[in-house]
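Novice: This is model05.cif (mmCIF, C-alpha atoms and all ligand atoms).
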```cif
data_run
#
loop_
_atom_site.label_atom_id
_atom_site.label_comp_id
_atom_site.auth_asym_id
_atom_site.auth_seq_id
_atom_site.Cartn_x
_atom_site.Cartn_y
_atom_site.Cartn_z
CA MET B 104 -3.14 1.49 -25.55
CA ALA B 105 -3.58 -2.21 -24.78
CA VAL B 106 -2.40 -3.79 -21.52
CA ASN B 107 0.45 -5.60 -23.21
CA GLU B 108 1.79 -2.46 -24.84
CA LEU B 109 1.72 -0.56 -21.53
CA LEU B 110 3.43 -3.43 -19.73
CA ALA B 111 6.02 -3.69 -22.51
CA GLN B 112 6.76 0.01 -22.13
CA LEU B 113 7.32 -0.38 -18.38
CA HIS B 114 9.35 -3.55 -18.89
CA GLU B 115 11.68 -1.72 -21.26
CA VAL B 116 12.32 0.96 -18.61
CA ALA B 117 12.74 -1.57 -15.79
CA ALA B 118 15.19 -3.63 -17.82
CA SER B 119 17.37 -0.76 -19.04
CA PRO B 120 17.85 2.01 -16.47
CA LYS B 121 21.02 3.14 -18.26
CA LYS B 122 18.95 3.97 -21.32
CA GLN B 123 16.65 6.09 -19.15
CA LEU B 124 19.63 7.87 -17.62
CA ASP B 125 21.01 8.65 -21.08
CA LYS B 126 17.58 9.81 -22.25
CA TYR B 127 17.23 12.33 -19.40
CA LEU B 128 20.81 13.55 -19.83
CA LYS B 129 20.23 14.04 -23.58
CA GLU B 130 17.14 16.10 -22.75
CA GLY B 131 19.48 18.38 -20.79
CA LYS B 132 18.18 17.28 -17.38
CA LYS B 133 20.36 16.69 -14.34
CA VAL B 134 19.95 13.35 -12.60
CA VAL B 135 20.45 12.65 -8.88
CA ALA B 136 20.85 9.04 -7.74
CA VAL B 137 18.84 7.96 -4.69
CA THR B 138 19.74 4.83 -2.75
CA PRO B 139 17.47 2.63 -0.59
CA VAL B 140 15.30 2.99 1.26
CA TYR B 141 13.82 6.48 1.74
CA THR B 142 15.21 9.76 0.44
CA PRO B 143 13.41 13.09 -0.02
CA GLN B 144 12.77 12.57 -3.72
CA GLU B 145 10.15 15.33 -3.63
CA ILE B 146 12.90 17.89 -2.87
CA ILE B 147 15.11 16.65 -5.72
CA HIS B 148 12.17 16.72 -8.12
CA SER B 149 11.10 20.22 -7.03
CA MET B 150 14.54 21.57 -7.97
CA GLY B 151 14.05 20.44 -11.58
CA LEU B 152 16.31 17.39 -11.12
CA VAL B 153 15.46 13.77 -11.92
CA PRO B 154 15.67 11.43 -8.90
CA MET B 155 16.71 7.98 -10.09
CA GLY B 156 16.78 4.91 -7.86
CA VAL B 157 19.95 2.86 -7.45
CA TRP B 158 19.30 -0.49 -5.80
CA GLY B 159 22.27 -2.36 -7.30
CA ALA B 160 21.97 -5.09 -9.92
CA ASP B 161 22.24 -8.85 -10.26
CA MET B 162 25.95 -9.12 -11.04
CA GLU B 163 29.35 -10.36 -9.94
CA ILE B 164 31.22 -8.19 -7.43
CA ASN B 165 34.91 -7.42 -7.92
CA GLU B 166 35.98 -3.82 -7.26
CA ALA B 167 33.62 -3.24 -4.30
CA LYS B 168 35.38 -6.10 -2.47
CA LYS B 169 38.29 -3.69 -1.87
CA TYR B 170 35.93 -1.62 0.30
CA TYR B 171 33.58 -4.15 1.82
CA PRO B 172 33.89 -7.45 3.64
CA ALA B 173 31.95 -10.34 2.04
CA PHE B 174 29.31 -10.34 4.79
CA ILE B 175 27.48 -7.16 3.88
CA CYS B 176 24.31 -6.98 1.82
CA SER B 177 24.85 -7.26 -1.90
CA ILE B 178 22.58 -4.29 -2.65
CA MET B 179 25.20 -1.98 -1.12
CA GLN B 180 28.07 -3.85 -2.70
CA THR B 181 26.62 -3.72 -6.19
CA VAL B 182 25.68 -0.02 -5.90
CA LEU B 183 29.33 0.69 -5.14
CA GLU B 184 30.53 -1.72 -7.85
CA LEU B 185 28.37 0.04 -10.47
CA GLY B 186 29.62 3.42 -9.25
CA ILE B 187 33.27 2.38 -9.50
CA LYS B 188 32.70 0.92 -12.97
CA GLY B 189 31.28 4.22 -14.26
CA GLU B 190 27.70 2.99 -14.81
CA TYR B 191 26.34 6.18 -13.21
CA GLU B 192 28.45 8.48 -15.36
CA GLY B 193 26.64 11.77 -15.89
CA VAL B 194 24.81 11.65 -12.54
CA SER B 195 25.21 14.95 -10.64
CA ALA B 196 25.08 13.62 -7.06
CA ILE B 197 24.02 10.64 -4.97
CA VAL B 198 21.81 10.91 -1.86
CA ILE B 199 22.40 8.16 0.70
CA PRO B 200 20.27 7.97 3.84
CA SER B 201 21.54 6.69 7.17
CA LEU B 202 18.78 4.17 7.77
CA CYS B 203 20.88 1.04 8.42
CA ASP B 204 24.51 0.33 9.29
CA SER B 205 25.33 -0.81 5.75
CA LEU B 206 23.97 2.41 4.29
CA LYS B 207 26.12 4.41 6.71
CA THR B 208 29.22 2.71 5.37
CA LEU B 209 28.15 3.13 1.74
CA GLY B 210 28.37 6.92 1.99
CA GLN B 211 31.84 6.80 3.50
CA ASN B 212 33.13 4.30 0.94
CA TRP B 213 31.51 6.22 -1.90
CA LYS B 214 33.55 9.36 -1.07
CA TYR B 215 36.78 7.49 -1.73
CA ALA B 216 35.72 5.04 -4.43
CA VAL B 217 33.63 7.29 -6.72
CA LYS B 218 35.17 10.72 -6.46
CA ASP B 219 33.42 12.32 -9.44
CA ILE B 220 29.85 11.91 -8.08
CA PRO B 221 29.34 13.93 -4.87
CA PHE B 222 27.83 12.09 -1.93
CA ILE B 223 24.98 13.86 -0.11
CA PRO B 224 24.08 12.31 3.25
CA MET B 225 20.54 12.32 4.60
CA THR B 226 20.65 11.67 8.31
CA TYR B 227 17.33 10.56 9.76
CA PRO B 228 16.55 10.48 13.48
CA GLN B 229 15.92 7.18 15.25
CA ASN B 230 12.89 8.68 17.03
CA ARG B 231 11.05 10.14 14.07
CA LYS B 232 7.64 10.87 15.67
CA PRO B 233 8.19 13.34 18.57
CA ALA B 234 8.49 17.06 17.77
CA TYR B 235 12.29 16.97 18.27
CA GLY B 236 12.53 14.07 15.77
CA ILE B 237 10.52 15.97 13.17
CA LYS B 238 12.76 19.02 13.72
CA PHE B 239 15.82 16.80 13.18
CA THR B 240 14.40 15.39 9.93
CA LYS B 241 13.62 18.90 8.71
CA ALA B 242 17.21 20.01 9.44
CA GLY B 243 18.42 16.97 7.45
CA TYR B 244 16.25 17.98 4.49
CA GLU B 245 17.54 21.55 4.66
CA ARG B 246 21.07 20.23 4.50
CA VAL B 247 20.19 18.08 1.48
CA ILE B 248 18.77 21.20 -0.21
CA ARG B 249 21.99 23.16 0.39
CA ASP B 250 24.17 20.27 -0.83
CA LEU B 251 22.02 19.81 -3.95
CA GLU B 252 22.33 23.52 -4.73
CA VAL B 253 26.12 23.25 -4.54
CA ALA B 254 26.36 19.97 -6.48
CA THR B 255 23.92 20.82 -9.27
CA GLY B 256 23.56 24.62 -9.36
CA ALA B 257 19.77 24.15 -9.12
CA HIS B 258 17.64 26.37 -6.88
CA PHE B 259 15.10 25.50 -4.24
CA SER B 260 11.72 27.13 -3.77
CA GLU B 261 8.95 26.27 -1.33
CA PHE B 262 6.37 26.88 -4.02
CA ALA B 263 7.96 24.25 -6.31
CA LEU B 264 8.24 21.78 -3.41
CA ALA B 265 4.53 22.16 -2.62
CA GLU B 266 3.82 21.22 -6.26
CA SER B 267 6.20 18.24 -6.19
CA ASN B 268 4.62 17.01 -2.95
CA LYS B 269 1.29 16.88 -4.79
CA ILE B 270 2.82 15.06 -7.78
CA TYR B 271 4.33 12.42 -5.47
CA ASN B 272 1.03 12.00 -3.60
CA GLU B 273 -0.71 11.39 -6.93
CA HIS B 274 1.89 8.80 -7.84
CA ASN B 275 1.43 7.13 -4.44
CA ALA B 276 -2.33 6.89 -5.01
CA VAL B 277 -1.94 5.40 -8.48
CA MET B 278 0.60 2.83 -7.24
CA ARG B 279 -1.64 1.82 -4.31
CA GLU B 280 -4.50 1.41 -6.74
CA PHE B 281 -2.29 -0.69 -9.02
CA ALA B 282 -1.33 -3.03 -6.16
CA GLU B 283 -5.02 -3.62 -5.39
CA ILE B 284 -6.01 -4.14 -9.03
CA ALA B 285 -3.03 -6.44 -9.65
CA ALA B 286 -4.22 -8.66 -6.78
CA GLU B 287 -7.25 -9.63 -8.88
CA ALA B 288 -6.12 -9.12 -12.46
CA GLU B 289 -4.45 -11.58 -14.76
CA ILE B 290 -0.91 -10.25 -14.47
CA THR B 291 2.25 -12.23 -13.80
CA ALA B 292 4.65 -11.72 -10.89
CA VAL B 293 7.30 -10.59 -13.38
CA GLN B 294 4.97 -7.98 -14.93
CA ARG B 295 3.90 -6.77 -11.48
CA SER B 296 7.56 -6.28 -10.58
CA ASP B 297 8.21 -4.31 -13.80
CA VAL B 298 5.54 -1.79 -12.81
CA PHE B 299 7.19 -1.17 -9.42
CA LYS B 300 10.76 -1.28 -10.71
CA SER B 301 10.19 1.13 -13.61
CA ALA B 302 8.95 3.76 -11.10
CA TRP B 303 12.53 4.17 -9.89
CA PHE B 304 13.79 5.23 -13.32
CA MET B 305 11.07 7.63 -14.46
CA LEU B 306 9.82 11.04 -13.42
CA PRO B 307 6.77 10.41 -11.20
CA GLU B 308 4.38 12.34 -13.46
CA GLU B 309 5.44 10.22 -16.48
CA HIS B 310 5.07 6.99 -14.52
CA THR B 311 1.69 8.06 -13.09
CA ALA B 312 0.33 8.68 -16.58
CA ILE B 313 1.23 5.17 -17.79
CA VAL B 314 0.14 3.32 -14.64
CA ARG B 315 -3.17 5.20 -14.59
CA LYS B 316 -3.94 3.89 -18.10
CA LEU B 317 -2.74 0.43 -17.11
CA ASN B 318 -5.06 0.42 -14.08
CA GLU B 319 -8.05 1.25 -16.29
CA GLU B 320 -7.21 -1.57 -18.70
CA LEU B 321 -6.56 -4.11 -15.94
CA LYS B 322 -9.79 -3.21 -14.12
CA ASN B 323 -11.79 -4.13 -17.20
CA GLY B 324 -9.63 -7.11 -18.17
CA PRO B 325 -9.77 -10.81 -17.22
CA LYS B 326 -9.35 -11.88 -13.60
CA ALA B 327 -6.84 -14.44 -12.34
CA GLU B 328 -8.56 -17.67 -11.26
CA GLY B 329 -7.44 -20.70 -9.30
CA LYS B 330 -4.12 -19.31 -8.07
CA LEU B 331 -2.44 -19.76 -4.70
CA LYS B 332 -2.55 -16.29 -3.15
CA VAL B 333 0.46 -15.05 -1.17
CA LEU B 334 1.83 -11.91 0.44
CA VAL B 335 5.50 -11.24 -0.26
CA THR B 336 7.70 -9.34 2.17
CA GLY B 337 11.33 -8.22 2.10
CA ILE B 338 13.62 -5.52 0.80
CA LEU B 339 13.63 -6.49 -2.88
CA ALA B 340 11.58 -8.81 -5.08
CA ASP B 341 12.82 -7.93 -8.54
CA SER B 342 14.64 -11.00 -9.78
CA PRO B 343 12.86 -12.24 -12.94
CA ASN B 344 14.44 -15.70 -12.46
CA LEU B 345 12.87 -16.04 -9.05
CA LEU B 346 9.53 -14.46 -9.95
CA LYS B 347 9.12 -16.77 -12.96
CA THR B 348 8.96 -19.65 -10.49
CA PHE B 349 5.98 -17.99 -8.81
CA ASP B 350 4.21 -17.84 -12.18
CA GLU B 351 5.18 -21.40 -13.15
CA ASN B 352 3.72 -22.71 -9.90
CA GLY B 353 0.47 -20.73 -10.08
CA ILE B 354 1.44 -18.52 -7.15
CA LYS B 355 -0.16 -15.07 -7.21
CA ILE B 356 1.20 -12.09 -5.26
CA VAL B 357 -1.93 -10.40 -3.88
CA ALA B 358 -0.11 -7.96 -1.60
CA ASP B 359 3.43 -6.99 -0.76
CA ASP B 360 5.40 -5.51 2.08
CA VAL B 361 8.51 -4.97 -0.01
CA ALA B 362 10.73 -1.93 0.62
CA HIS B 363 11.41 -1.47 -3.12
CA GLU B 364 7.67 -1.72 -3.86
CA SER B 365 4.57 -0.89 -1.76
CA ARG B 366 6.39 0.44 1.32
CA GLN B 367 7.31 3.46 -0.83
CA TYR B 368 3.71 4.42 -1.51
CA ARG B 369 1.85 3.94 1.77
CA THR B 370 2.30 7.41 3.23
CA ASP B 371 1.39 10.72 1.61
CA VAL B 372 2.82 14.16 2.32
CA PRO B 373 0.19 15.88 4.51
CA ASP B 374 -1.30 19.21 3.56
CA MET B 375 0.56 21.81 5.68
CA GLU B 376 1.50 25.44 5.24
CA ASN B 377 5.23 24.86 4.91
CA PRO B 378 6.09 22.07 2.41
CA VAL B 379 9.39 21.16 4.13
CA ASP B 380 7.51 20.74 7.43
CA ALA B 381 4.98 18.61 5.54
CA LEU B 382 7.73 16.38 4.14
CA ALA B 383 9.30 15.96 7.59
CA GLN B 384 5.84 15.08 8.93
CA LYS B 385 5.47 12.45 6.20
CA PHE B 386 8.60 10.71 7.46
CA ALA B 387 7.22 10.85 11.01
CA ASP B 388 3.94 9.32 9.82
CA MET B 389 5.62 6.36 8.06
CA ASP B 390 5.39 2.97 9.76
CA ASN B 391 5.56 -0.79 9.29
CA CYS B 392 9.05 -0.96 7.82
CA THR B 393 12.16 -2.75 9.04
CA LEU B 394 14.21 0.39 8.59
CA LEU B 395 11.95 2.57 10.75
CA TYR B 396 12.42 2.24 14.49
CA ASP B 397 9.49 0.26 15.89
CA ARG B 398 9.94 -1.27 19.32
CA ASP B 399 6.52 -2.97 19.19
CA LYS B 400 7.20 -4.61 15.79
CA LYS B 401 3.90 -3.35 14.42
CA ARG B 402 5.15 -4.36 10.97
CA VAL B 403 4.46 -7.98 11.91
CA ASP B 404 0.79 -7.28 12.70
CA TYR B 405 0.55 -5.26 9.51
CA ILE B 406 1.77 -8.20 7.42
CA ILE B 407 -0.80 -10.55 8.97
CA GLU B 408 -3.57 -7.99 8.60
CA GLN B 409 -2.74 -7.40 4.93
CA ALA B 410 -2.44 -11.12 4.21
CA LYS B 411 -5.91 -11.71 5.70
CA LYS B 412 -7.43 -8.70 3.98
CA HIS B 413 -6.26 -10.04 0.61
CA ASP B 414 -7.24 -13.62 1.40
CA ALA B 415 -3.60 -14.78 1.11
CA LYS B 416 -2.96 -18.36 2.17
CA GLY B 417 0.71 -17.83 2.90
CA VAL B 418 3.53 -15.36 3.43
CA ILE B 419 6.78 -15.57 1.46
CA VAL B 420 9.73 -13.80 3.05
CA LEU B 421 12.43 -12.85 0.55
CA MET B 422 15.35 -12.42 2.92
CA THR B 423 18.18 -10.29 1.55
CA LYS B 424 21.34 -12.05 2.63
CA PHE B 425 23.25 -10.21 5.41
CA CYS B 426 20.43 -7.70 5.95
CA ASP B 427 20.45 -7.46 9.76
CA PRO B 428 17.25 -5.41 10.14
CA GLU B 429 15.21 -7.92 8.12
CA GLU B 430 16.81 -10.92 9.81
CA PHE B 431 15.80 -9.59 13.25
CA ASP B 432 12.17 -9.37 12.11
CA TYR B 433 11.96 -12.91 10.75
CA VAL B 434 11.27 -14.78 14.01
CA PRO B 435 8.31 -12.55 15.02
CA ILE B 436 6.91 -12.88 11.47
CA LYS B 437 7.21 -16.67 11.60
CA ARG B 438 5.49 -16.81 15.01
CA ALA B 439 2.69 -14.49 13.91
CA CYS B 440 2.07 -16.57 10.75
CA ASP B 441 1.89 -19.75 12.84
CA ALA B 442 -0.59 -18.14 15.21
CA ALA B 443 -2.71 -16.86 12.31
CA GLY B 444 -2.71 -20.20 10.50
CA LEU B 445 -0.75 -18.84 7.53
CA MET B 446 1.88 -20.93 5.80
CA HIS B 447 5.23 -19.22 5.48
CA LEU B 448 8.41 -19.66 3.51
CA ASN B 449 11.78 -17.96 3.95
CA ILE B 450 13.92 -17.69 0.82
CA GLU B 451 17.35 -16.11 1.03
CA VAL B 452 18.04 -13.81 -1.91
CA ASP B 453 21.24 -12.20 -3.03
CA ARG B 454 22.23 -9.94 -5.92
CA GLN B 455 25.03 -12.37 -6.81
CA MET B 456 22.74 -15.39 -7.05
CA VAL B 457 22.97 -17.07 -10.45
CA ASN B 458 21.45 -20.38 -9.57
CA TYR B 459 17.88 -20.34 -8.29
CA GLU B 460 17.43 -24.13 -8.19
CA GLN B 461 17.15 -24.27 -4.41
CA ALA B 462 14.58 -21.47 -4.37
CA HIS B 463 12.65 -23.19 -7.19
CA THR B 464 12.47 -26.42 -5.18
CA MET B 465 11.36 -24.57 -2.04
CA ILE B 466 8.60 -22.73 -3.91
CA GLN B 467 7.42 -25.96 -5.57
CA ALA B 468 7.32 -27.73 -2.20
CA PHE B 469 5.47 -24.75 -0.65
CA LYS B 470 2.83 -24.96 -3.41
CA GLU B 471 2.38 -28.69 -2.89
CA MET B 472 1.57 -28.19 0.79
CA PHE B 473 -1.81 -26.63 -0.06
S1 LIG F 1 18.32 -2.47 4.99
FE1 LIG F 1 19.25 -4.40 4.54
S2 LIG F 1 19.22 -4.63 2.34
FE2 LIG F 1 18.86 -2.45 2.82
S3 LIG F 1 20.86 -1.54 2.75
FE3 LIG F 1 20.51 -2.10 4.87
S4 LIG F 1 21.39 -4.15 5.07
FE4 LIG F 1 21.18 -3.73 2.88
#
```
Translate the structure described by the file into structure tokens.

Specialist:
Amino acid sequence: MAVNELLAQLHEVAASPKKQLDKYLKEGKKVVAVTPVYTPQEIIHSMGLVPMGVWGADMEINEAKKYYPAFICSIMQTVLELGIKGEYEGVSAIVIPSLCDSLKTLGQNWKYAVKDIPFIPMTYPQNRKPAYGIKFTKAGYERVIRDLEVATGAHFSEFALAESNKIYNEHNAVMREFAEIAAEAEITAVQRSDVFKSAWFMLPEEHTAIVRKLNEELKNGPKAEGKLKVLVTGILADSPNLLKTFDENGIKIVADDVAHESRQYRTDVPDMENPVDALAQKFADMDNCTLLYDRDKKRVDYIIEQAKKHDAKGVIVLMTKFCDPEEFDYVPIKRACDAAGLMHLNIEVDRQMVNYEQAHTMIQAFKEMF
């Protein structure tokens, strides 16, 4: 299949998650919603359920305002809005991790606002690396397993989890390979985003099969020339309106540190005797993310290192409005970019944004500085 056909297939999925949900339900599968940023999708998958990402949508917020003040991130608000409006009808449960204060409130609000879809909490420890932290994570996963069994009637087996761990590791590898190939290939920012976004609405083995073919085609296809190379960081970078401006200004994303994109695929499940232990170890091994406790802010060094490795000339921070964890990291990122001689740009993004004029002007001005 040609590159354009593969990209069109992924675009279709990225643009219509509801269609994917209906497709899986029609096939007789049970779907479990997973919210940002990390949930044990491997466990859900191993129980024969379909984990489907819910990261909100670009839309107006009405109903969720009854539960949230205006100054909370719009990802949370729109997830709740979509839940209240019945967009997730047919979903068997929703897993919400406790990784930031907004996420903690989402679970509590969900219980009252969307009564027909059971809320399953996943409580992660702050100190994820010491043995007691790993034990805590494992206990959290065991609770998720019990709650999933009650909510869906599905059964858990260690054997099936070991298989799912392998399937997710394969998907990770293919997505990491895609990010590297896309840095060189002639592919737009919008198309790149479709590849990452579609992963949230497909079974990993189905997505792996398509992206593997896409990687082969892109490897042998034309290379992008004469573009301004940048690294993009933030929680989300999926707005086609914003990404079009990158393409119109000849800006090429050569690497990302985006929670919705590459942060998901950096760490594999290690090979261990017990697959639940292995999954808990994976969480302990994860790093370089705003949502993961890091007193030394190693994420900042990681961004600079990745930008240099990919020959990026600048760093674009897509700052989700009212996201405290990301806002705290901005000053160290700015300082590190200055010290490394990298240009940087901070663009505030919001799910309710309809007018991108200001962002367009900022991106244009950024381009002209080179
Ligand atoms: S990390 Fe930021 S964007 Fe994500 S849920 Fe929390 S506040 Fe919202």

Novice: Which residue out of B:Arg246, B:His258, B:Phe469, B:Ala285 has the minimum interatomic distance to B:Glu320 when all atoms listed in the file are used?

Specialist: B:Ala285

Novice: How big is the axis-aligned box around all listed atoms of stretch 331-339 of chain B once 5 Å goes on each side, and where's its centre, in Å to one decimal, as AutoDock Vina command-line options?

Specialist:
```
--center_x 5.5 --center_y -12.6 --center_z -1.3 --size_x 26.2 --size_y 24.2 --size_z 16.9
```

Novice: Using only C-alpha atoms and all ligand atoms, find each residue with an atom at most 9 Å away from ligand LIG 1 (chain F) and format the answer as a ChimeraX atom specification.

Specialist: /B:138-140,158,175-180,202-207,209,337-339,362,393-394,422-430

Novice: Expressed in Å to a single decimal, how great is the separation between atom CA of B:Tyr271 and atom CA of B:His148?

Specialist: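 Between these atoms lies a distance of 9.3 Å.
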
Novice: So which one's closest to B:Glu252, B:Ile199, B:Ile146, B:Val333, B:Ala286? Using only C-alpha atoms, please.

Specialist: B:Ile146

Novice: Report, in Å to a single decimal, how far apart atom CA of B:Pro120 and atom CA of B:Gly193 are.

Specialist: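 Separation between atom CA of B:Gly193 and atom CA of B:Pro120: 13.1 Å.
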
Novice: Give me, as an MDAnalysis selection string, all polymer residues having an atom no more than 12 Å from stretch 366-368 of chain B, counting all atoms listed in the file and skipping those fewer than 6 positions away in the same chain.

Specialist: chainID B and resid 139:144 156 271:282 299:300 302:303 307 335:339 358:360 385:386 389:395 402 405:406

Novice: Write out as a VMD selection string the residues lying within 8 Å of stretch 461-466 of chain B, counting all atoms listed in the file and excluding same-chain residues fewer than 6 positions away.

Specialist: chain B and resid 345 348 to 349 352 448 450

Novice: Hey, which bits of stretch 152-229 of chain B sit within 7 Å of stretch 133-136 of chain B, and for each residue what's the closest pair of atoms and how far apart in Å (one decimal), counting all atoms listed in the file, rows by chain and increasing number, as JSON lines?

Specialist:
```
{"residue": "B:Leu152", "atom": "CA", "partner": "B:Lys133", "partner_atom": "CA", "distance": 5.2}
{"residue": "B:Val153", "atom": "CA", "partner": "B:Val134", "partner_atom": "CA", "distance": 4.6}
{"residue": "B:Pro154", "atom": "CA", "partner": "B:Val135", "partner_atom": "CA", "distance": 4.9}
{"residue": "B:Met155", "atom": "CA", "partner": "B:Ala136", "partner_atom": "CA", "distance": 4.9}
{"residue": "B:Gly156", "atom": "CA", "partner": "B:Ala136", "partner_atom": "CA", "distance": 5.8}
{"residue": "B:Val157", "atom": "CA", "partner": "B:Ala136", "partner_atom": "CA", "distance": 6.3}
{"residue": "B:Val194", "atom": "CA", "partner": "B:Val134", "partner_atom": "CA", "distance": 5.1}
{"residue": "B:Ser195", "atom": "CA", "partner": "B:Val135", "partner_atom": "CA", "distance": 5.6}
{"residue": "B:Ala196", "atom": "CA", "partner": "B:Val135", "partner_atom": "CA", "distance": 5.1}
{"residue": "B:Ile197", "atom": "CA", "partner": "B:Ala136", "partner_atom": "CA", "distance": 4.5}
{"residue": "B:Val198", "atom": "CA", "partner": "B:Ala136", "partner_atom": "CA", "distance": 6.2}
```

Novice: Any idea what's packed within 12 Å of B:Pro343, counting only C-alpha atoms, ignoring anything in its chain fewer than 6 positions away? Could you give it as a PyMOL selection string?

Specialist: chain B and resi 114+117-118+160-161+291-297+300+349-351+454+456-457+459

Novice: Compute the distance from (31.1, 6.0, -2.6) to each atom, counting only C-alpha atoms, keep the residues with any atom at most 12 Å away, and return them as a PDB file with C-alpha atoms, keeping the file's coordinate frame; use the coordinates of the file.

Specialist:
```pdb
ATOM      1  CA  ALA B 136      20.850   9.040  -7.740  1.00  0.00           C
ATOM      2  CA  THR B 138      19.740   4.830  -2.750  1.00  0.00           C
ATOM      3  CA  GLU B 166      35.980  -3.820  -7.260  1.00  0.00           C
ATOM      4  CA  ALA B 167      33.620  -3.240  -4.300  1.00  0.00           C
ATOM      5  CA  TYR B 170      35.930  -1.620   0.300  1.00  0.00           C
ATOM      6  CA  TYR B 171      33.580  -4.150   1.820  1.00  0.00           C
ATOM      7  CA  MET B 179      25.200  -1.980  -1.120  1.00  0.00           C
ATOM      8  CA  GLN B 180      28.070  -3.850  -2.700  1.00  0.00           C
ATOM      9  CA  THR B 181      26.620  -3.720  -6.190  1.00  0.00           C
ATOM     10  CA  VAL B 182      25.680  -0.020  -5.900  1.00  0.00           C
ATOM     11  CA  LEU B 183      29.330   0.690  -5.140  1.00  0.00           C
ATOM     12  CA  GLU B 184      30.530  -1.720  -7.850  1.00  0.00           C
ATOM     13  CA  LEU B 185      28.370   0.040 -10.470  1.00  0.00           C
ATOM     14  CA  GLY B 186      29.620   3.420  -9.250  1.00  0.00           C
ATOM     15  CA  ILE B 187      33.270   2.380  -9.500  1.00  0.00           C
ATOM     16  CA  LYS B 188      32.700   0.920 -12.970  1.00  0.00           C
ATOM     17  CA  GLY B 189      31.280   4.220 -14.260  1.00  0.00           C
ATOM     18  CA  TYR B 191      26.340   6.180 -13.210  1.00  0.00           C
ATOM     19  CA  ALA B 196      25.080  13.620  -7.060  1.00  0.00           C
ATOM     20  CA  ILE B 197      24.020  10.640  -4.970  1.00  0.00           C
ATOM     21  CA  VAL B 198      21.810  10.910  -1.860  1.00  0.00           C
ATOM     22  CA  ILE B 199      22.400   8.160   0.700  1.00  0.00           C
ATOM     23  CA  LEU B 206      23.970   2.410   4.290  1.00  0.00           C
ATOM     24  CA  LYS B 207      26.120   4.410   6.710  1.00  0.00           C
ATOM     25  CA  THR B 208      29.220   2.710   5.370  1.00  0.00           C
ATOM     26  CA  LEU B 209      28.150   3.130   1.740  1.00  0.00           C
ATOM     27  CA  GLY B 210      28.370   6.920   1.990  1.00  0.00           C
ATOM     28  CA  GLN B 211      31.840   6.800   3.500  1.00  0.00           C
ATOM     29  CA  ASN B 212      33.130   4.300   0.940  1.00  0.00           C
ATOM     30  CA  TRP B 213      31.510   6.220  -1.900  1.00  0.00           C
ATOM     31  CA  LYS B 214      33.550   9.360  -1.070  1.00  0.00           C
ATOM     32  CA  TYR B 215      36.780   7.490  -1.730  1.00  0.00           C
ATOM     33  CA  ALA B 216      35.720   5.040  -4.430  1.00  0.00           C
ATOM     34  CA  VAL B 217      33.630   7.290  -6.720  1.00  0.00           C
ATOM     35  CA  LYS B 218      35.170  10.720  -6.460  1.00  0.00           C
ATOM     36  CA  ASP B 219      33.420  12.320  -9.440  1.00  0.00           C
ATOM     37  CA  ILE B 220      29.850  11.910  -8.080  1.00  0.00           C
ATOM     38  CA  PRO B 221      29.340  13.930  -4.870  1.00  0.00           C
ATOM     39  CA  PHE B 222      27.830  12.090  -1.930  1.00  0.00           C
ATOM     40  CA  ILE B 223      24.980  13.860  -0.110  1.00  0.00           C
ATOM     41  CA  PRO B 224      24.080  12.310   3.250  1.00  0.00           C
TER      42      PRO B 224
END
```

Novice: For a test of reading the model, state the distance in Å between atom CA of B:Lys400 and atom CA of B:Ala173, rounded to one decimal.

Specialist: 28.9 Å

Novice: Would you output stretch 205-232 of chain B from that structure, restricted to C-alpha atoms, as a tab-separated table (two decimals), in the first residue's frame?

Specialist:
```
chain	number	residue	atom	x	y	z
B	205	SER	CA	-6.66	17.78	37.89
B	206	LEU	CA	-6.77	14.05	37.19
B	207	LYS	CA	-7.55	13.39	40.86
B	208	THR	CA	-10.61	15.61	40.60
B	209	LEU	CA	-11.72	14.08	37.30
B	210	GLY	CA	-12.31	10.69	38.92
B	211	GLN	CA	-14.38	12.19	41.72
B	212	ASN	CA	-16.47	14.32	39.36
B	213	TRP	CA	-16.91	11.41	36.96
B	214	LYS	CA	-18.61	9.31	39.68
B	215	TYR	CA	-21.39	11.87	39.99
B	216	ALA	CA	-21.60	13.21	36.44
B	217	VAL	CA	-21.40	9.98	34.40
B	218	LYS	CA	-23.04	7.33	36.51
B	219	ASP	CA	-23.39	4.65	33.83
B	220	ILE	CA	-19.63	4.26	33.15
B	221	PRO	CA	-17.78	2.95	36.24
B	222	PHE	CA	-14.69	4.86	37.29
B	223	ILE	CA	-11.60	2.77	38.06
B	224	PRO	CA	-8.83	4.69	39.84
B	225	MET	CA	-5.16	3.91	39.31
B	226	THR	CA	-3.18	5.38	42.16
B	227	TYR	CA	0.52	5.73	41.41
B	228	PRO	CA	3.17	6.41	44.05
B	229	GLN	CA	5.11	9.67	44.05
B	230	ASN	CA	8.37	7.76	44.62
B	231	ARG	CA	8.12	5.19	41.88
B	232	LYS	CA	11.71	3.84	41.85
```
